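Asker: Dropping a structure here in structure tokens format, bear with me for questions.
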Amino acid sequence: SVVIFSEADRGSAYLELADEAICVGPAKSTDSYLKIDRVISAAEVGNVEAIHPGYGFLSENAHFNDVCRSCNIDFIGPSPEAMEMLGDKNLARDLAKSANVPVVPGSDGLVSEEADALKVAREIGFPVLIKASAGGGGKGMRVAANDLSLQSALQQARNEAEAAFGNADCFIEKYIERPRHVEVQVLADNHGNVVHLWERDCSTQRRHQKLIEESPAPNLPEETRNAMCDAAVRLIKAANYANAATVEFIVDQENNFYFIEVNARIQVEHPVTEMVTGIDLIQAQIRVAAGEQLWFQQSDVPQRGCAMECRINAENPARNFQPSAGRIDSMYVPGGPGVRFDSHAHAGYAVPPYYDSMIAKLIVHRSTREETIKCMARALAELRVEGISTTVPFHQQLLSDSTFSEGRMDTTYVERNLLGE
Ligand code: MV4
């Protein structure tokens, strides 16, 4: 294994685990991890056969994916074509419709004129949500509650999308209030085999940053779960997609589910799925990229017990989640049956101020949701990260919140109820 690092990441634990580590430049990611020529040069120097792009930086960059192909380096992920198509939220929505996957009622394709927007909004009813085709993860969205706000919302969404993505294209959907976020993990090989690995509920989030993810989704009817997982497989088949994908849905208060977007990469929360299915998703990605057939069938994929992940960030929840970079003076990691701790951090490590503030993922797997919550609370109480602030106290608050423990979270709950904002 060969890993790359920036000058800010010299102290990170993953460098010690790899056979070889190559520096790709200074701390600033636009001068290192995001510089395609530097990453490819490192791959050539390391004489690698394949690149695993992880879940940040260039992981969903179809151009980088295509450059890898030109250089005869296997990109461990979907083809550049599938990645590019799904990166366009409007095209992905069209594909979903053609695959008989439910989408939120809305415009039939792009809307650029105010008059067309008004026509759609009057058909589906207010409030509506304007979404940028090039957006995703919450960027480039605007809610409109009436005719008057619709015209400014459309203009703002288009301007913002043009500035952020160089593409003003927008479409319109009915705005679903207080939805849950449920996503389906899918694996596909290059031989036409596609299986799902069940769902994850990621409703516990703040400002589009997930805090806790879990599988199974609590209080999701069995027939809804199965219909959603089958829909995700249909969509990935229709996209002619290989490797790991996550199909994102929102679920309304009547348990109707609607396709939102596809994440064409492995996600931060994949360990939750690994725990309930027993399948090593990164190994599966590598084997599929090497041309292997999936070695198991849909009926061989269990969803055993309950797994939950808390994202531990170097942030101060008492100060509006302000990033807290600096040296970790000491660290104690919990363990025991069903407790997993994925991290690059360690005592003596300095959290750099340049990147995402996630320093660890604490994952717990037990037979029931109640046991998992209890075990997670115990593990969080045992975890010590001294010298910086972390989100651990906020996780403890979440676990003891009755809305959370009763499995009634939605994507707006944290901001509406747990923050004095
Ligand atoms: C929505 C929605 C309500 N109605 N679409 C936000 C991120 C992007 N993946 C899609 N998102 C949403 N789309 C309709 N028609 C609410 C959200 C949304 C959301 C979705 C998933 C997880 C967190 C969220 C937080 C705010 C809004």
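Each chain in the structure tokens gets a letter, A, B, ..., in the order shown, and its residues are numbered from 1; ligands are numbered from 1 in order too.
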Could you give me, as an MDAnalysis selection string, every polymer residue with an atom at most 8 Å away from an atom of ligand 1, counting only C-alpha atoms and all ligand atoms?
Answerer: chainID A and resid 104:105 128:129 136:139 141 172:182 202:203 205:210 248:250 260:261 411:412
Asker: Let me see the file: selected residues, C-alpha atoms, as a PDB file, in the first residue's frame.
Answerer:
```pdb
ATOM      1  CA  VAL A 104     -40.529  13.958  -5.160  1.00  0.00           C
ATOM      2  CA  PRO A 105     -43.353  15.492  -7.287  1.00  0.00           C
ATOM      3  CA  VAL A 128     -41.472  24.133  -3.070  1.00  0.00           C
ATOM      4  CA  LEU A 129     -37.729  23.544  -3.088  1.00  0.00           C
ATOM      5  CA  GLY A 136     -25.899  18.146  -3.691  1.00  0.00           C
ATOM      6  CA  GLY A 137     -25.303  17.696  -0.008  1.00  0.00           C
ATOM      7  CA  GLY A 138     -27.501  20.708   0.625  1.00  0.00           C
ATOM      8  CA  LYS A 139     -25.631  23.207  -1.543  1.00  0.00           C
ATOM      9  CA  MET A 141     -31.120  24.822  -2.499  1.00  0.00           C
ATOM     10  CA  ILE A 172     -38.193  22.212  -8.633  1.00  0.00           C
ATOM     11  CA  GLU A 173     -39.644  19.754  -6.132  1.00  0.00           C
ATOM     12  CA  LYS A 174     -42.372  19.824  -3.538  1.00  0.00           C
ATOM     13  CA  TYR A 175     -40.684  20.687  -0.216  1.00  0.00           C
ATOM     14  CA  ILE A 176     -41.030  17.721   2.139  1.00  0.00           C
ATOM     15  CA  GLU A 177     -41.234  19.007   5.729  1.00  0.00           C
ATOM     16  CA  ARG A 178     -39.250  17.322   8.504  1.00  0.00           C
ATOM     17  CA  PRO A 179     -38.101  14.341   6.440  1.00  0.00           C
ATOM     18  CA  ARG A 180     -35.935  11.484   7.578  1.00  0.00           C
ATOM     19  CA  HIS A 181     -32.770  10.773   5.611  1.00  0.00           C
ATOM     20  CA  VAL A 182     -32.474   7.095   4.770  1.00  0.00           C
ATOM     21  CA  CYS A 202     -28.687   9.511   8.839  1.00  0.00           C
ATOM     22  CA  SER A 203     -31.422  11.829  10.093  1.00  0.00           C
ATOM     23  CA  GLN A 205     -27.559  15.858  11.521  1.00  0.00           C
ATOM     24  CA  ARG A 206     -26.831  19.555  11.872  1.00  0.00           C
ATOM     25  CA  ARG A 207     -26.426  21.877   8.891  1.00  0.00           C
ATOM     26  CA  HIS A 208     -25.985  18.920   6.516  1.00  0.00           C
ATOM     27  CA  GLN A 209     -23.241  17.461   8.720  1.00  0.00           C
ATOM     28  CA  LYS A 210     -24.208  14.002   9.896  1.00  0.00           C
ATOM     29  CA  GLU A 248     -30.129   8.632  -0.860  1.00  0.00           C
ATOM     30  CA  PHE A 249     -33.835   8.933  -0.085  1.00  0.00           C
ATOM     31  CA  ILE A 250     -35.943  11.181   2.066  1.00  0.00           C
ATOM     32  CA  ILE A 260     -32.820  12.378  -3.759  1.00  0.00           C
ATOM     33  CA  GLU A 261     -29.356  11.628  -5.145  1.00  0.00           C
ATOM     34  CA  THR A 411     -33.282  15.988   9.624  1.00  0.00           C
ATOM     35  CA  THR A 412     -34.459  19.241  11.228  1.00  0.00           C
TER      36      THR A 412
END
```
Asker: Using DSSP assignments from the backbone, pull out every residue in segment 275-351 of chain A that falls under helix (DSSP H, G or I) and give it to me as number ranges by chain.
Answerer: A: 275-277, 281-289, 298-300, 317-319
Asker: Could you pull the residues within 10 Å of Leu58 of chain A, counting only C-alpha atoms, minus those fewer than 2 positions along the same chain, as JSON, numbers by chain?
Answerer: {"A": [33, 34, 35, 36, 39, 53, 54, 55, 56, 60, 61, 62, 63, 64, 65]}
Asker: Would you export the selected residues with C-alpha atoms as a PDB file, in the first residue's frame, please?
Answerer:
```pdb
ATOM      1  CA  TYR A  33      -4.740  16.547  -2.351  1.00  0.00           C
ATOM      2  CA  LEU A  34      -6.793  18.320  -5.034  1.00  0.00           C
ATOM      3  CA  LYS A  35      -3.914  18.708  -7.523  1.00  0.00           C
ATOM      4  CA  ILE A  36      -4.539  15.922 -10.019  1.00  0.00           C
ATOM      5  CA  VAL A  39      -1.612  12.743  -7.138  1.00  0.00           C
ATOM      6  CA  PRO A  53      -9.989   7.797  -3.646  1.00  0.00           C
ATOM      7  CA  GLY A  54     -11.515   7.647  -0.149  1.00  0.00           C
ATOM      8  CA  TYR A  55     -14.490   9.880   0.633  1.00  0.00           C
ATOM      9  CA  GLY A  56     -13.285  13.465   0.301  1.00  0.00           C
ATOM     10  CA  GLU A  60     -16.345  12.162  -6.895  1.00  0.00           C
ATOM     11  CA  ASN A  61     -14.343  14.056  -9.497  1.00  0.00           C
ATOM     12  CA  ALA A  62     -15.180  12.480 -12.878  1.00  0.00           C
ATOM     13  CA  HIS A  63     -12.260  14.278 -14.540  1.00  0.00           C
ATOM     14  CA  PHE A  64      -9.746  12.791 -12.086  1.00  0.00           C
ATOM     15  CA  ASN A  65     -11.400   9.407 -12.602  1.00  0.00           C
TER      16      ASN A  65
END
```
Asker: As an exercise, work out the distance from atom CA of Thr246 of chain A to atom CA of Glu213 of chain A in Å and give it to one decimal place.
Answerer: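 Atom CA of Thr246 of chain A sits 13.6 Å away from atom CA of Glu213 of chain A.
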Asker: Record the distance separating atom CA of Ile124 of chain A and atom CA of Leu91 of chain A, expressed in Å with one decimal.
Answerer: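 It comes out at 20.5 Å.
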Asker: Quick one: residues within 10 Å of Glu274 of chain A, only C-alpha atoms, excluding same-chain residues fewer than 4 positions away - as a PDB file with C-alpha atoms, in the first residue's frame?
Answerer:
```
ATOM      1  CA  LEU A 197     -26.558  -4.014   1.774  1.00  0.00           C
ATOM      2  CA  SER A 215     -28.675   0.586  10.589  1.00  0.00           C
ATOM      3  CA  GLU A 269     -20.689   5.979   7.566  1.00  0.00           C
ATOM      4  CA  HIS A 270     -19.943   2.726   5.678  1.00  0.00           C
ATOM      5  CA  GLY A 278     -20.336  -8.631   8.035  1.00  0.00           C
ATOM      6  CA  ILE A 279     -19.115  -7.502   4.604  1.00  0.00           C
ATOM      7  CA  ASP A 280     -15.855  -5.524   4.332  1.00  0.00           C
ATOM      8  CA  LEU A 281     -16.928  -2.806   1.903  1.00  0.00           C
ATOM      9  CA  ILE A 282     -13.433  -1.551   1.095  1.00  0.00           C
ATOM     10  CA  GLN A 303     -28.952  -7.208   8.460  1.00  0.00           C
ATOM     11  CA  ALA A 307     -25.049  -0.685  14.464  1.00  0.00           C
ATOM     12  CA  HIS A 365     -22.766  -3.127  17.101  1.00  0.00           C
TER      13      HIS A 365
END
```
Asker: Leaving out Leu95 of chain A and any residue of its chain fewer than 3 positions from it, which residues lie within 8 Å of it when counting only C-alpha atoms, given as a list in words?
Answerer: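 Residues near the query, excluding close chain neighbours: Leu91, Ala92, Ser98, Ala99, Leu235, Ala238 and Ala239 of chain A.
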Asker: Where in segment 182-278 of chain A does DSSP assign strand (DSSP E or B), given as a compact mmCIF listing (two decimals) with N, CA and C atoms, in the first residue's frame?
Answerer:
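The file below, part-v1.txt, is the result:
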```txt
# COMPACT_ATOMS: atom_id res chain seq x y z
N VAL A 182 -32.81 8.52 4.76
CA VAL A 182 -32.47 7.09 4.77
C VAL A 182 -31.78 6.78 3.46
N GLU A 183 -30.64 6.11 3.53
CA GLU A 183 -29.86 5.82 2.33
C GLU A 183 -29.60 4.33 2.24
N VAL A 184 -29.47 3.84 1.00
CA VAL A 184 -29.26 2.41 0.76
C VAL A 184 -27.87 2.17 0.20
N GLN A 185 -27.14 1.27 0.83
CA GLN A 185 -25.81 0.89 0.34
C GLN A 185 -25.96 -0.15 -0.76
N VAL A 186 -25.30 0.09 -1.89
CA VAL A 186 -25.36 -0.85 -3.01
C VAL A 186 -23.94 -1.23 -3.42
N LEU A 187 -23.78 -2.47 -3.86
CA LEU A 187 -22.52 -2.93 -4.45
C LEU A 187 -22.83 -3.55 -5.80
N ALA A 188 -22.04 -3.17 -6.81
CA ALA A 188 -22.25 -3.73 -8.15
C ALA A 188 -20.90 -4.15 -8.71
N VAL A 194 -25.81 -6.86 -9.10
CA VAL A 194 -26.04 -5.71 -8.22
C VAL A 194 -26.78 -6.19 -6.97
N VAL A 195 -26.24 -5.89 -5.81
CA VAL A 195 -26.91 -6.24 -4.54
C VAL A 195 -26.98 -5.00 -3.65
N HIS A 196 -27.98 -4.96 -2.76
CA HIS A 196 -28.00 -3.91 -1.74
C HIS A 196 -27.51 -4.48 -0.42
N LEU A 197 -27.00 -3.61 0.43
CA LEU A 197 -26.56 -4.01 1.77
C LEU A 197 -27.39 -3.27 2.82
N TRP A 198 -28.67 -3.16 2.52
CA TRP A 198 -29.65 -2.56 3.43
C TRP A 198 -29.40 -1.06 3.59
N GLU A 199 -30.12 -0.49 4.56
CA GLU A 199 -30.17 0.97 4.66
C GLU A 199 -29.43 1.50 5.88
N ARG A 200 -29.17 2.81 5.86
CA ARG A 200 -28.69 3.53 7.04
C ARG A 200 -29.59 4.74 7.24
N ASP A 201 -29.92 5.02 8.48
CA ASP A 201 -30.67 6.24 8.80
C ASP A 201 -29.66 7.29 9.23
N CYS A 202 -29.64 8.43 8.54
CA CYS A 202 -28.69 9.51 8.84
C CYS A 202 -29.44 10.79 9.17
N SER A 203 -30.59 10.65 9.80
CA SER A 203 -31.42 11.83 10.09
C SER A 203 -30.82 12.73 11.16
N THR A 204 -29.98 12.16 12.03
CA THR A 204 -29.40 12.96 13.12
C THR A 204 -28.24 13.78 12.57
N GLN A 205 -28.56 15.01 12.16
CA GLN A 205 -27.56 15.86 11.52
C GLN A 205 -27.79 17.31 11.87
N ARG A 206 -26.77 18.12 11.64
CA ARG A 206 -26.83 19.55 11.87
C ARG A 206 -26.19 20.26 10.68
N GLN A 209 -24.34 18.29 8.21
CA GLN A 209 -23.24 17.46 8.72
C GLN A 209 -23.85 16.36 9.57
N LYS A 210 -23.64 15.12 9.14
CA LYS A 210 -24.21 14.00 9.90
C LYS A 210 -23.50 13.88 11.23
N LEU A 211 -24.28 13.54 12.26
CA LEU A 211 -23.71 13.37 13.60
C LEU A 211 -23.70 11.90 14.00
N ILE A 212 -24.85 11.23 13.80
CA ILE A 212 -24.99 9.80 14.12
C ILE A 212 -25.66 9.12 12.93
N GLU A 213 -25.14 7.95 12.57
CA GLU A 213 -25.77 7.13 11.53
C GLU A 213 -26.02 5.74 12.11
N GLU A 214 -27.06 5.09 11.62
CA GLU A 214 -27.38 3.77 12.16
C GLU A 214 -28.05 2.88 11.14
N SER A 215 -27.96 1.58 11.39
CA SER A 215 -28.68 0.59 10.59
C SER A 215 -29.16 -0.50 11.53
N ASN A 243 -19.14 -0.94 -8.76
CA ASN A 243 -18.51 -0.59 -7.48
C ASN A 243 -19.54 -0.13 -6.44
N ALA A 244 -19.10 0.56 -5.39
CA ALA A 244 -19.99 0.92 -4.28
C ALA A 244 -20.74 2.21 -4.58
N ALA A 245 -22.02 2.24 -4.22
CA ALA A 245 -22.83 3.45 -4.37
C ALA A 245 -23.76 3.57 -3.18
N THR A 246 -24.13 4.80 -2.87
CA THR A 246 -25.18 5.02 -1.88
C THR A 246 -26.32 5.76 -2.56
N VAL A 247 -27.52 5.19 -2.44
CA VAL A 247 -28.69 5.84 -3.01
C VAL A 247 -29.45 6.50 -1.85
N GLU A 248 -29.54 7.84 -1.95
CA GLU A 248 -30.13 8.63 -0.86
C GLU A 248 -31.62 8.85 -1.09
N PHE A 249 -32.40 8.66 -0.03
CA PHE A 249 -33.83 8.93 -0.08
C PHE A 249 -34.21 9.86 1.07
N ILE A 250 -35.31 10.60 0.90
CA ILE A 250 -35.94 11.18 2.07
C ILE A 250 -37.26 10.43 2.29
N VAL A 251 -37.64 10.34 3.56
CA VAL A 251 -38.85 9.61 3.93
C VAL A 251 -39.75 10.60 4.66
N PHE A 257 -41.31 7.20 0.50
CA PHE A 257 -39.89 7.50 0.26
C PHE A 257 -39.70 8.05 -1.14
N TYR A 258 -38.71 8.95 -1.26
CA TYR A 258 -38.43 9.62 -2.53
C TYR A 258 -36.93 9.64 -2.77
N PHE A 259 -36.52 9.31 -3.98
CA PHE A 259 -35.12 9.38 -4.36
C PHE A 259 -34.62 10.83 -4.33
N ILE A 260 -33.42 11.05 -3.79
CA ILE A 260 -32.82 12.38 -3.76
C ILE A 260 -31.56 12.47 -4.63
N GLU A 261 -30.58 11.62 -4.33
CA GLU A 261 -29.36 11.63 -5.15
C GLU A 261 -28.55 10.37 -4.90
N VAL A 262 -27.54 10.14 -5.76
CA VAL A 262 -26.64 9.00 -5.59
C VAL A 262 -25.26 9.53 -5.21
N ASN A 263 -24.65 8.95 -4.19
CA ASN A 263 -23.26 9.25 -3.86
C ASN A 263 -22.39 8.18 -4.51
```
Asker: Show which residues sit within 10 Å of Leu398 of chain A, as an NGL selection string. Count only C-alpha atoms, and ignore same-chain residues fewer than 5 positions away.
Answerer: :A and (204 or 211-212 or 377 or 392-393 or 403-405 or 414 or 418)
Asker: Selection from above, N, CA, C and O atoms, as an mmCIF file, in the first residue's frame, can you write it?
Answerer:
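Okay, this is what ended up in part28.cif:
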```cif
data_model
loop_
_atom_site.group_PDB
_atom_site.id
_atom_site.type_symbol
_atom_site.label_atom_id
_atom_site.label_comp_id
_atom_site.auth_asym_id
_atom_site.auth_seq_id
_atom_site.Cartn_x
_atom_site.Cartn_y
_atom_site.Cartn_z
ATOM 1 N N THR A 204 -29.975 12.164 12.033
ATOM 2 C CA THR A 204 -29.398 12.963 13.116
ATOM 3 C C THR A 204 -28.245 13.784 12.571
ATOM 4 O O THR A 204 -27.114 13.299 12.435
ATOM 5 N N LEU A 211 -24.276 13.536 12.262
ATOM 6 C CA LEU A 211 -23.709 13.368 13.604
ATOM 7 C C LEU A 211 -23.705 11.895 13.996
ATOM 8 O O LEU A 211 -22.717 11.384 14.512
ATOM 9 N N ILE A 212 -24.853 11.232 13.803
ATOM 10 C CA ILE A 212 -24.992 9.802 14.122
ATOM 11 C C ILE A 212 -25.661 9.118 12.927
ATOM 12 O O ILE A 212 -26.606 9.656 12.358
ATOM 13 N N ALA A 377 -23.201 4.788 24.798
ATOM 14 C CA ALA A 377 -23.077 5.741 25.907
ATOM 15 C C ALA A 377 -21.903 5.358 26.808
ATOM 16 O O ALA A 377 -21.124 6.224 27.243
ATOM 17 N N VAL A 392 -18.008 14.909 21.657
ATOM 18 C CA VAL A 392 -18.453 13.808 22.532
ATOM 19 C C VAL A 392 -19.601 14.221 23.465
ATOM 20 O O VAL A 392 -20.604 13.505 23.553
ATOM 21 N N PRO A 393 -19.501 15.381 24.165
ATOM 22 C CA PRO A 393 -20.617 15.747 25.052
ATOM 23 C C PRO A 393 -21.949 15.898 24.310
ATOM 24 O O PRO A 393 -23.008 15.563 24.853
ATOM 25 N N THR A 403 -36.498 11.770 21.831
ATOM 26 C CA THR A 403 -36.808 11.699 20.393
ATOM 27 C C THR A 403 -35.820 10.768 19.692
ATOM 28 O O THR A 403 -36.200 9.953 18.851
ATOM 29 N N PHE A 404 -34.557 10.868 20.095
ATOM 30 C CA PHE A 404 -33.562 9.964 19.507
ATOM 31 C C PHE A 404 -33.795 8.525 19.969
ATOM 32 O O PHE A 404 -33.864 7.608 19.152
ATOM 33 N N SER A 405 -33.919 8.330 21.278
ATOM 34 C CA SER A 405 -33.994 6.942 21.778
ATOM 35 C C SER A 405 -35.264 6.244 21.299
ATOM 36 O O SER A 405 -35.280 5.029 21.142
ATOM 37 N N VAL A 414 -32.384 18.457 15.324
ATOM 38 C CA VAL A 414 -31.250 19.010 16.093
ATOM 39 C C VAL A 414 -31.286 20.537 16.041
ATOM 40 O O VAL A 414 -31.204 21.204 17.082
ATOM 41 N N LEU A 418 -32.242 21.358 19.756
ATOM 42 C CA LEU A 418 -31.086 21.138 20.626
ATOM 43 C C LEU A 418 -30.065 22.260 20.583
ATOM 44 O O LEU A 418 -29.050 22.195 21.246
#
```
Asker: Enter the distance from atom CA of Leu399 of chain A to atom CA of Thr224 of chain A, in Å, rounded to one decimal.
Answerer: 25.5 Å
